[in-house]
Amino acid sequence: MRKVRRHREELGEVIEVFADRPGPKTVTGFVLGWVLFTALTFINPGETPLLAIAPGIIFAVMFGLILLYLSGERLIVCERGILVGSIAAGIHPYAIPYQQLTPGSIAGVAGANRYLKEVGLQGQIAQSTLRASWWTKNGVHFVACSAEDARRGRRRFTLALDPIPRSIDGRWIWFAGTGRRPARSAIEVIARAASAAGYPQLAQAALDRGVVELTGNPEDAARQLPGHPPVGRVESDSRDSGHLRPRLESPGVEHSLPLFR
């Protein structure tokens with residue numbers, strides 16, 4: 001996988017890949033949408049058979065490309081960090097070394113289709129750090145560096161989707177889906193890799209935190225999602241923090257980041 005290989009020197013070899021692809025209901029919806037749009041073209045069909053079926057072919061390609069791009073979401077666990085985001089053509093995932101993850105902020109999430117509702121962002125424009133879709137069942141929540149830092153200098157239109165720092169320590173909240181695979185599996189893989197890379201505190205805190213079943217109630221966000229402030233106070237907290245962007249004075253020294261308990 002070329003997009004992963006370019007991060008090999010920094011993050012090491014790939015250990016495991018978690019894909020968050022659309023489920024059968026979503027795929028069925030796309031098929032029904034194609035059938036509907038194609039059927040509408042036959043109300044006033046083209047003069048020749050080719051012109052009559054051409055719109056259906058165009059719609060099939062269009063819906064197929066959209067579905068292909070939606071299927072690109074990955075959480076890739078490597079030896080020294082993780083890759084988060086889409087691997088679809090023209091899109092690059094975000095690279096986050098373990099040293100940039102806040103110890104104690106990693107939590108497995110079940111009922112992830114309620115994640116955006118719980119953090120008060122349902123119905124709002126998508127954010128580059130929150131990779132949650134309507135079909136997402138499970139995932140991993142954590143606090144880390146900004147999307148700009150994780151993008152590794154590749155400035156794309158996604159800059160417009162980068163959120164402000166929202167965690168209680170003035171950093172950035174992330175979410176990555178694991179598809180239909182249990183969030184516990186991802187937590188265990190990340191913990192083993194982080195421990196082997198020299199971050200035992202990060203690993204143990206992730207295992208101790210485990211998996212939480214989201215309620216979808218914004219009042220529970222601060223309790224269920226480590227590092228998340230009470231919903232409704234995010235903007236004021238960000239202003240108070242001055243949009244802090246903590247840096248590691250000694251990369252690889254785990255205790256240079258705060259520990260959420």
# chains A, B, ... in the order shown; residues from 1 in each chain; ligands from 1

$ residues_around --residues "Ala150 of chain A" --least-positions-apart "4" --cutoff "10 Å" --atoms "only C-alpha atoms" --output "JSON, numbers by chain"
{"A": [83, 84, 93, 94, 95, 96, 97, 100, 129, 144, 145, 146, 154]}

$ write_last_selection --atoms "N, CA and C atoms" --output "mmCIF file, in the first residue's frame"
data_model
loop_
_atom_site.group_PDB
_atom_site.id
_atom_site.type_symbol
_atom_site.label_atom_id
_atom_site.label_comp_id
_atom_site.auth_asym_id
_atom_site.auth_seq_id
_atom_site.Cartn_x
_atom_site.Cartn_y
_atom_site.Cartn_z
ATOM 1 N N LEU A 83 -2.187 5.455 11.504
ATOM 2 C CA LEU A 83 -2.650 6.226 10.361
ATOM 3 C C LEU A 83 -4.170 6.260 10.409
ATOM 4 N N VAL A 84 -4.747 7.442 10.242
ATOM 5 C CA VAL A 84 -6.196 7.617 10.350
ATOM 6 C C VAL A 84 -6.708 8.363 9.129
ATOM 7 N N PRO A 93 -3.998 9.552 4.342
ATOM 8 C CA PRO A 93 -4.361 9.443 5.758
ATOM 9 C C PRO A 93 -3.474 10.328 6.630
ATOM 10 N N TYR A 94 -3.919 10.551 7.857
ATOM 11 C CA TYR A 94 -3.184 11.357 8.823
ATOM 12 C C TYR A 94 -2.249 10.455 9.635
ATOM 13 N N ALA A 95 -1.013 10.914 9.820
ATOM 14 C CA ALA A 95 -0.009 10.132 10.544
ATOM 15 C C ALA A 95 0.166 10.678 11.953
ATOM 16 N N ILE A 96 -0.032 9.809 12.965
ATOM 17 C CA ILE A 96 0.052 10.229 14.360
ATOM 18 C C ILE A 96 0.952 9.259 15.124
ATOM 19 N N PRO A 97 2.168 9.657 15.477
ATOM 20 C CA PRO A 97 3.045 8.796 16.295
ATOM 21 C C PRO A 97 2.468 8.622 17.694
ATOM 22 N N GLN A 100 2.551 11.391 20.269
ATOM 23 C CA GLN A 100 1.642 12.523 20.173
ATOM 24 C C GLN A 100 0.251 12.221 20.718
ATOM 25 N N THR A 129 -10.816 15.541 11.826
ATOM 26 C CA THR A 129 -10.323 14.667 12.892
ATOM 27 C C THR A 129 -11.370 13.676 13.389
ATOM 28 N N ALA A 144 -4.962 13.973 20.468
ATOM 29 C CA ALA A 144 -3.623 13.967 19.873
ATOM 30 C C ALA A 144 -3.314 15.333 19.269
ATOM 31 N N CYS A 145 -2.339 15.350 18.364
ATOM 32 C CA CYS A 145 -1.912 16.568 17.692
ATOM 33 C C CYS A 145 -2.991 17.063 16.731
ATOM 34 N N SER A 146 -2.757 18.204 16.124
ATOM 35 C CA SER A 146 -3.727 18.771 15.189
ATOM 36 C C SER A 146 -3.721 18.012 13.869
ATOM 37 N N ARG A 154 1.016 18.220 3.773
ATOM 38 C CA ARG A 154 0.196 18.115 2.563
ATOM 39 C C ARG A 154 -1.051 18.982 2.741
#

$ residues_around --residues "Asn217 of chain A" --least-positions-apart "4" --cutoff "12 Å" --atoms "only C-alpha atoms" --output "list in words"
Gly111, Arg114, Tyr115, Leu116, Lys117, Glu118, Val119, Gly120, Leu121, Gln122, Glu213, Ala221, Ala222, Arg223, Gln224, Leu225, Pro230 and Val231 of chain A

$ write_last_selection --atoms "all heavy atoms" --output "compact mmCIF listing (two decimals), in the first residue's frame"
# COMPACT_ATOMS: atom_id res chain seq x y z
N GLY A 111 -21.47 1.67 19.73
CA GLY A 111 -22.57 2.59 19.45
C GLY A 111 -22.04 3.87 18.84
O GLY A 111 -22.53 4.96 19.12
N ARG A 114 -23.69 7.05 17.34
CA ARG A 114 -24.20 8.12 18.20
C ARG A 114 -23.10 9.09 18.62
O ARG A 114 -23.34 9.99 19.42
CB ARG A 114 -24.85 7.51 19.45
CG ARG A 114 -26.08 6.66 19.16
CD ARG A 114 -26.77 6.22 20.44
NE ARG A 114 -26.01 5.17 21.13
CZ ARG A 114 -26.14 3.87 20.89
NH1 ARG A 114 -26.99 3.46 19.97
NH2 ARG A 114 -25.43 2.97 21.57
N TYR A 115 -21.90 8.92 18.08
CA TYR A 115 -20.75 9.73 18.50
C TYR A 115 -20.98 11.22 18.22
O TYR A 115 -20.83 12.06 19.12
CB TYR A 115 -19.48 9.25 17.81
CG TYR A 115 -18.22 9.94 18.31
CD1 TYR A 115 -17.49 9.43 19.38
CD2 TYR A 115 -17.77 11.12 17.72
CE1 TYR A 115 -16.36 10.06 19.84
CE2 TYR A 115 -16.64 11.76 18.18
CZ TYR A 115 -15.93 11.23 19.24
OH TYR A 115 -14.80 11.88 19.70
N LEU A 116 -21.31 11.57 16.99
CA LEU A 116 -21.47 12.98 16.64
C LEU A 116 -22.61 13.62 17.42
O LEU A 116 -22.54 14.80 17.78
CB LEU A 116 -21.70 13.12 15.13
CG LEU A 116 -20.52 12.72 14.25
CD1 LEU A 116 -20.88 12.90 12.78
CD2 LEU A 116 -19.27 13.54 14.58
N LYS A 117 -23.65 12.86 17.68
CA LYS A 117 -24.76 13.39 18.47
C LYS A 117 -24.31 13.66 19.90
O LYS A 117 -24.65 14.71 20.48
CB LYS A 117 -25.93 12.39 18.47
CG LYS A 117 -27.13 12.87 19.27
CD LYS A 117 -28.26 11.85 19.24
CE LYS A 117 -29.47 12.32 20.04
NZ LYS A 117 -30.56 11.31 20.01
N GLU A 118 -23.51 12.77 20.45
CA GLU A 118 -23.09 12.93 21.84
C GLU A 118 -22.13 14.12 22.01
O GLU A 118 -22.17 14.80 23.04
CB GLU A 118 -22.43 11.66 22.35
CG GLU A 118 -22.04 11.72 23.82
CD GLU A 118 -22.03 10.36 24.49
OE1 GLU A 118 -22.84 9.48 24.09
OE2 GLU A 118 -21.26 10.17 25.42
N VAL A 119 -21.29 14.37 21.01
CA VAL A 119 -20.35 15.49 21.14
C VAL A 119 -20.94 16.80 20.61
O VAL A 119 -20.24 17.81 20.52
CB VAL A 119 -19.02 15.19 20.41
CG1 VAL A 119 -18.37 13.96 21.00
CG2 VAL A 119 -19.23 15.01 18.90
N GLY A 120 -22.23 16.77 20.27
CA GLY A 120 -22.91 18.00 19.88
C GLY A 120 -22.63 18.47 18.47
O GLY A 120 -22.80 19.66 18.17
N LEU A 121 -22.24 17.56 17.58
CA LEU A 121 -21.88 17.95 16.21
C LEU A 121 -22.78 17.31 15.15
O LEU A 121 -22.48 17.41 13.96
CB LEU A 121 -20.42 17.58 15.92
CG LEU A 121 -19.37 18.32 16.76
CD1 LEU A 121 -17.99 17.79 16.45
CD2 LEU A 121 -19.44 19.82 16.52
N GLN A 122 -23.85 16.65 15.56
CA GLN A 122 -24.72 16.00 14.58
C GLN A 122 -25.36 17.04 13.68
O GLN A 122 -25.87 18.07 14.13
CB GLN A 122 -25.79 15.18 15.29
CG GLN A 122 -26.62 14.33 14.34
CD GLN A 122 -27.59 13.42 15.10
OE1 GLN A 122 -28.19 13.84 16.07
NE2 GLN A 122 -27.73 12.20 14.64
N GLU A 213 -19.99 2.23 25.85
CA GLU A 213 -21.18 2.23 24.99
C GLU A 213 -21.80 3.62 25.06
O GLU A 213 -22.28 4.06 26.11
CB GLU A 213 -22.19 1.19 25.48
CG GLU A 213 -23.52 1.19 24.72
CD GLU A 213 -23.43 0.48 23.37
OE1 GLU A 213 -22.66 -0.49 23.27
OE2 GLU A 213 -24.14 0.91 22.43
N ALA A 221 -20.97 13.29 27.38
CA ALA A 221 -19.73 13.33 26.59
C ALA A 221 -18.49 13.46 27.46
O ALA A 221 -17.51 12.73 27.28
CB ALA A 221 -19.79 14.49 25.59
N ALA A 222 -18.51 14.36 28.43
CA ALA A 222 -17.34 14.57 29.27
C ALA A 222 -17.03 13.35 30.13
O ALA A 222 -15.88 13.10 30.46
CB ALA A 222 -17.54 15.80 30.15
N ARG A 223 -18.06 12.59 30.46
CA ARG A 223 -17.88 11.40 31.31
C ARG A 223 -17.43 10.19 30.51
O ARG A 223 -16.58 9.42 30.96
CB ARG A 223 -19.19 11.08 32.05
CG ARG A 223 -19.15 9.81 32.88
CD ARG A 223 -20.47 9.61 33.60
NE ARG A 223 -21.59 9.49 32.70
CZ ARG A 223 -21.95 8.35 32.11
NH1 ARG A 223 -21.26 7.23 32.34
NH2 ARG A 223 -23.00 8.30 31.32
N GLN A 224 -17.96 10.03 29.31
CA GLN A 224 -17.67 8.84 28.53
C GLN A 224 -16.46 8.96 27.62
O GLN A 224 -15.83 7.96 27.28
CB GLN A 224 -18.90 8.47 27.69
CG GLN A 224 -20.11 8.04 28.51
CD GLN A 224 -21.18 7.41 27.64
OE1 GLN A 224 -21.58 7.96 26.62
NE2 GLN A 224 -21.65 6.25 28.05
N LEU A 225 -16.13 10.18 27.20
CA LEU A 225 -15.06 10.39 26.24
C LEU A 225 -13.93 11.17 26.91
O LEU A 225 -14.05 12.40 27.08
CB LEU A 225 -15.59 11.16 25.01
CG LEU A 225 -16.74 10.47 24.28
CD1 LEU A 225 -17.35 11.40 23.22
CD2 LEU A 225 -16.28 9.16 23.64
N PRO A 230 -17.33 19.40 28.75
CA PRO A 230 -18.79 19.37 28.72
C PRO A 230 -19.31 20.04 27.45
O PRO A 230 -18.85 21.12 27.09
CB PRO A 230 -19.20 20.16 29.97
CG PRO A 230 -18.03 20.00 30.90
CD PRO A 230 -16.82 19.99 30.01
N VAL A 231 -20.23 19.40 26.76
CA VAL A 231 -20.78 19.96 25.53
C VAL A 231 -21.49 21.27 25.85
O VAL A 231 -22.24 21.37 26.81
CB VAL A 231 -21.76 18.96 24.86
CG1 VAL A 231 -22.47 19.62 23.67
CG2 VAL A 231 -21.01 17.72 24.41

$ residues_around --residues "Thr178 of chain A" --least-positions-apart "2" --cutoff "7 Å" --atoms "only C-alpha atoms" --output "mmCIF file with all heavy atoms, in the first residue's frame"
data_model
loop_
_atom_site.group_PDB
_atom_site.id
_atom_site.type_symbol
_atom_site.label_atom_id
_atom_site.label_comp_id
_atom_site.auth_asym_id
_atom_site.auth_seq_id
_atom_site.Cartn_x
_atom_site.Cartn_y
_atom_site.Cartn_z
ATOM 1 N N PHE A 18 -7.872 -1.694 10.224
ATOM 2 C CA PHE A 18 -9.304 -1.723 10.529
ATOM 3 C C PHE A 18 -10.022 -0.850 9.496
ATOM 4 O O PHE A 18 -9.718 0.335 9.360
ATOM 5 C CB PHE A 18 -9.567 -1.195 11.944
ATOM 6 C CG PHE A 18 -8.956 -2.032 13.033
ATOM 7 C CD1 PHE A 18 -7.636 -1.825 13.418
ATOM 8 C CD2 PHE A 18 -9.685 -3.027 13.657
ATOM 9 C CE1 PHE A 18 -7.057 -2.588 14.415
ATOM 10 C CE2 PHE A 18 -9.110 -3.804 14.658
ATOM 11 C CZ PHE A 18 -7.795 -3.583 15.035
ATOM 12 N N ALA A 19 -10.955 -1.444 8.775
ATOM 13 C CA ALA A 19 -11.666 -0.736 7.702
ATOM 14 C C ALA A 19 -13.087 -0.395 8.144
ATOM 15 O O ALA A 19 -13.789 -1.235 8.708
ATOM 16 C CB ALA A 19 -11.704 -1.600 6.445
ATOM 17 N N ASP A 20 -13.476 0.844 7.897
ATOM 18 C CA ASP A 20 -14.826 1.292 8.233
ATOM 19 C C ASP A 20 -15.600 1.525 6.937
ATOM 20 O O ASP A 20 -15.747 2.650 6.474
ATOM 21 C CB ASP A 20 -14.759 2.571 9.072
ATOM 22 C CG ASP A 20 -16.127 2.994 9.591
ATOM 23 O OD1 ASP A 20 -17.011 2.123 9.681
ATOM 24 O OD2 ASP A 20 -16.304 4.194 9.905
ATOM 25 N N LEU A 75 -8.310 2.737 9.888
ATOM 26 C CA LEU A 75 -7.471 2.948 11.065
ATOM 27 C C LEU A 75 -6.354 1.920 10.940
ATOM 28 O O LEU A 75 -6.602 0.716 11.042
ATOM 29 C CB LEU A 75 -8.259 2.736 12.365
ATOM 30 C CG LEU A 75 -7.411 2.625 13.645
ATOM 31 C CD1 LEU A 75 -6.594 3.887 13.880
ATOM 32 C CD2 LEU A 75 -8.299 2.325 14.849
ATOM 33 N N ASN A 138 -18.437 0.858 15.509
ATOM 34 C CA ASN A 138 -17.420 0.837 16.557
ATOM 35 C C ASN A 138 -16.263 1.742 16.150
ATOM 36 O O ASN A 138 -16.075 2.054 14.974
ATOM 37 C CB ASN A 138 -16.896 -0.586 16.777
ATOM 38 C CG ASN A 138 -18.005 -1.572 17.059
ATOM 39 O OD1 ASN A 138 -18.636 -1.554 18.111
ATOM 40 N ND2 ASN A 138 -18.277 -2.452 16.096
ATOM 41 N N GLY A 139 -15.456 2.141 17.148
ATOM 42 C CA GLY A 139 -14.328 2.993 16.814
ATOM 43 C C GLY A 139 -13.458 3.285 18.019
ATOM 44 O O GLY A 139 -13.637 2.716 19.104
ATOM 45 N N ALA A 176 -11.714 7.468 15.099
ATOM 46 C CA ALA A 176 -11.504 6.618 13.923
ATOM 47 C C ALA A 176 -12.379 5.384 14.042
ATOM 48 O O ALA A 176 -12.388 4.722 15.087
ATOM 49 C CB ALA A 176 -10.027 6.217 13.798
ATOM 50 N N ARG A 180 -17.134 -3.073 11.550
ATOM 51 C CA ARG A 180 -17.912 -4.036 12.336
ATOM 52 C C ARG A 180 -17.039 -4.798 13.337
ATOM 53 O O ARG A 180 -17.551 -5.605 14.109
ATOM 54 C CB ARG A 180 -18.634 -5.013 11.406
ATOM 55 C CG ARG A 180 -19.664 -4.323 10.520
ATOM 56 C CD ARG A 180 -20.453 -5.291 9.677
ATOM 57 N NE ARG A 180 -21.489 -4.592 8.925
ATOM 58 C CZ ARG A 180 -22.685 -4.289 9.415
ATOM 59 N NH1 ARG A 180 -22.994 -4.631 10.650
ATOM 60 N NH2 ARG A 180 -23.560 -3.635 8.673
ATOM 61 N N ARG A 181 -15.746 -4.568 13.300
ATOM 62 C CA ARG A 181 -14.853 -5.230 14.254
ATOM 63 C C ARG A 181 -14.955 -4.539 15.610
ATOM 64 O O ARG A 181 -15.055 -3.308 15.696
ATOM 65 C CB ARG A 181 -13.415 -5.202 13.744
ATOM 66 C CG ARG A 181 -13.235 -5.970 12.454
ATOM 67 C CD ARG A 181 -11.796 -5.955 11.994
ATOM 68 N NE ARG A 181 -10.895 -6.583 12.959
ATOM 69 C CZ ARG A 181 -9.590 -6.659 12.804
ATOM 70 N NH1 ARG A 181 -9.026 -6.129 11.725
ATOM 71 N NH2 ARG A 181 -8.841 -7.255 13.706
ATOM 72 N N ALA A 183 -14.335 -2.593 18.985
ATOM 73 C CA ALA A 183 -13.350 -1.579 19.352
ATOM 74 C C ALA A 183 -12.280 -2.151 20.275
ATOM 75 O O ALA A 183 -11.131 -1.709 20.244
ATOM 76 C CB ALA A 183 -14.058 -0.402 20.027
#

$ select_by_dssp --residues "segment 76-174 of chain A" --states "strand (DSSP E)" --output "ChimeraX atom specification"
/A:76-78,81-86,94-97,107-110,130-131,138-144,172-174

$ closest_atom_pairs --of "segment 65-145 of chain A" --to "segment 198-206 of chain A" --cutoff "8 Å" --atoms "only C-alpha atoms" --output "JSON lines"
{"residue": "A:Tyr98", "atom": "CA", "partner": "A:Tyr199", "partner_atom": "CA", "distance": 7.4}
{"residue": "A:Gln99", "atom": "CA", "partner": "A:Tyr199", "partner_atom": "CA", "distance": 7.6}
{"residue": "A:Leu101", "atom": "CA", "partner": "A:Leu202", "partner_atom": "CA", "distance": 7.8}
{"residue": "A:Thr102", "atom": "CA", "partner": "A:Leu202", "partner_atom": "CA", "distance": 7.4}
{"residue": "A:Pro103", "atom": "CA", "partner": "A:Leu202", "partner_atom": "CA", "distance": 4.4}
{"residue": "A:Gly104", "atom": "CA", "partner": "A:Ala205", "partner_atom": "CA", "distance": 4.9}
{"residue": "A:Ser105", "atom": "CA", "partner": "A:Ala206", "partner_atom": "CA", "distance": 7.4}
{"residue": "A:Ile106", "atom": "CA", "partner": "A:Ala206", "partner_atom": "CA", "distance": 5.3}
{"residue": "A:Ala107", "atom": "CA", "partner": "A:Ala206", "partner_atom": "CA", "distance": 6.3}
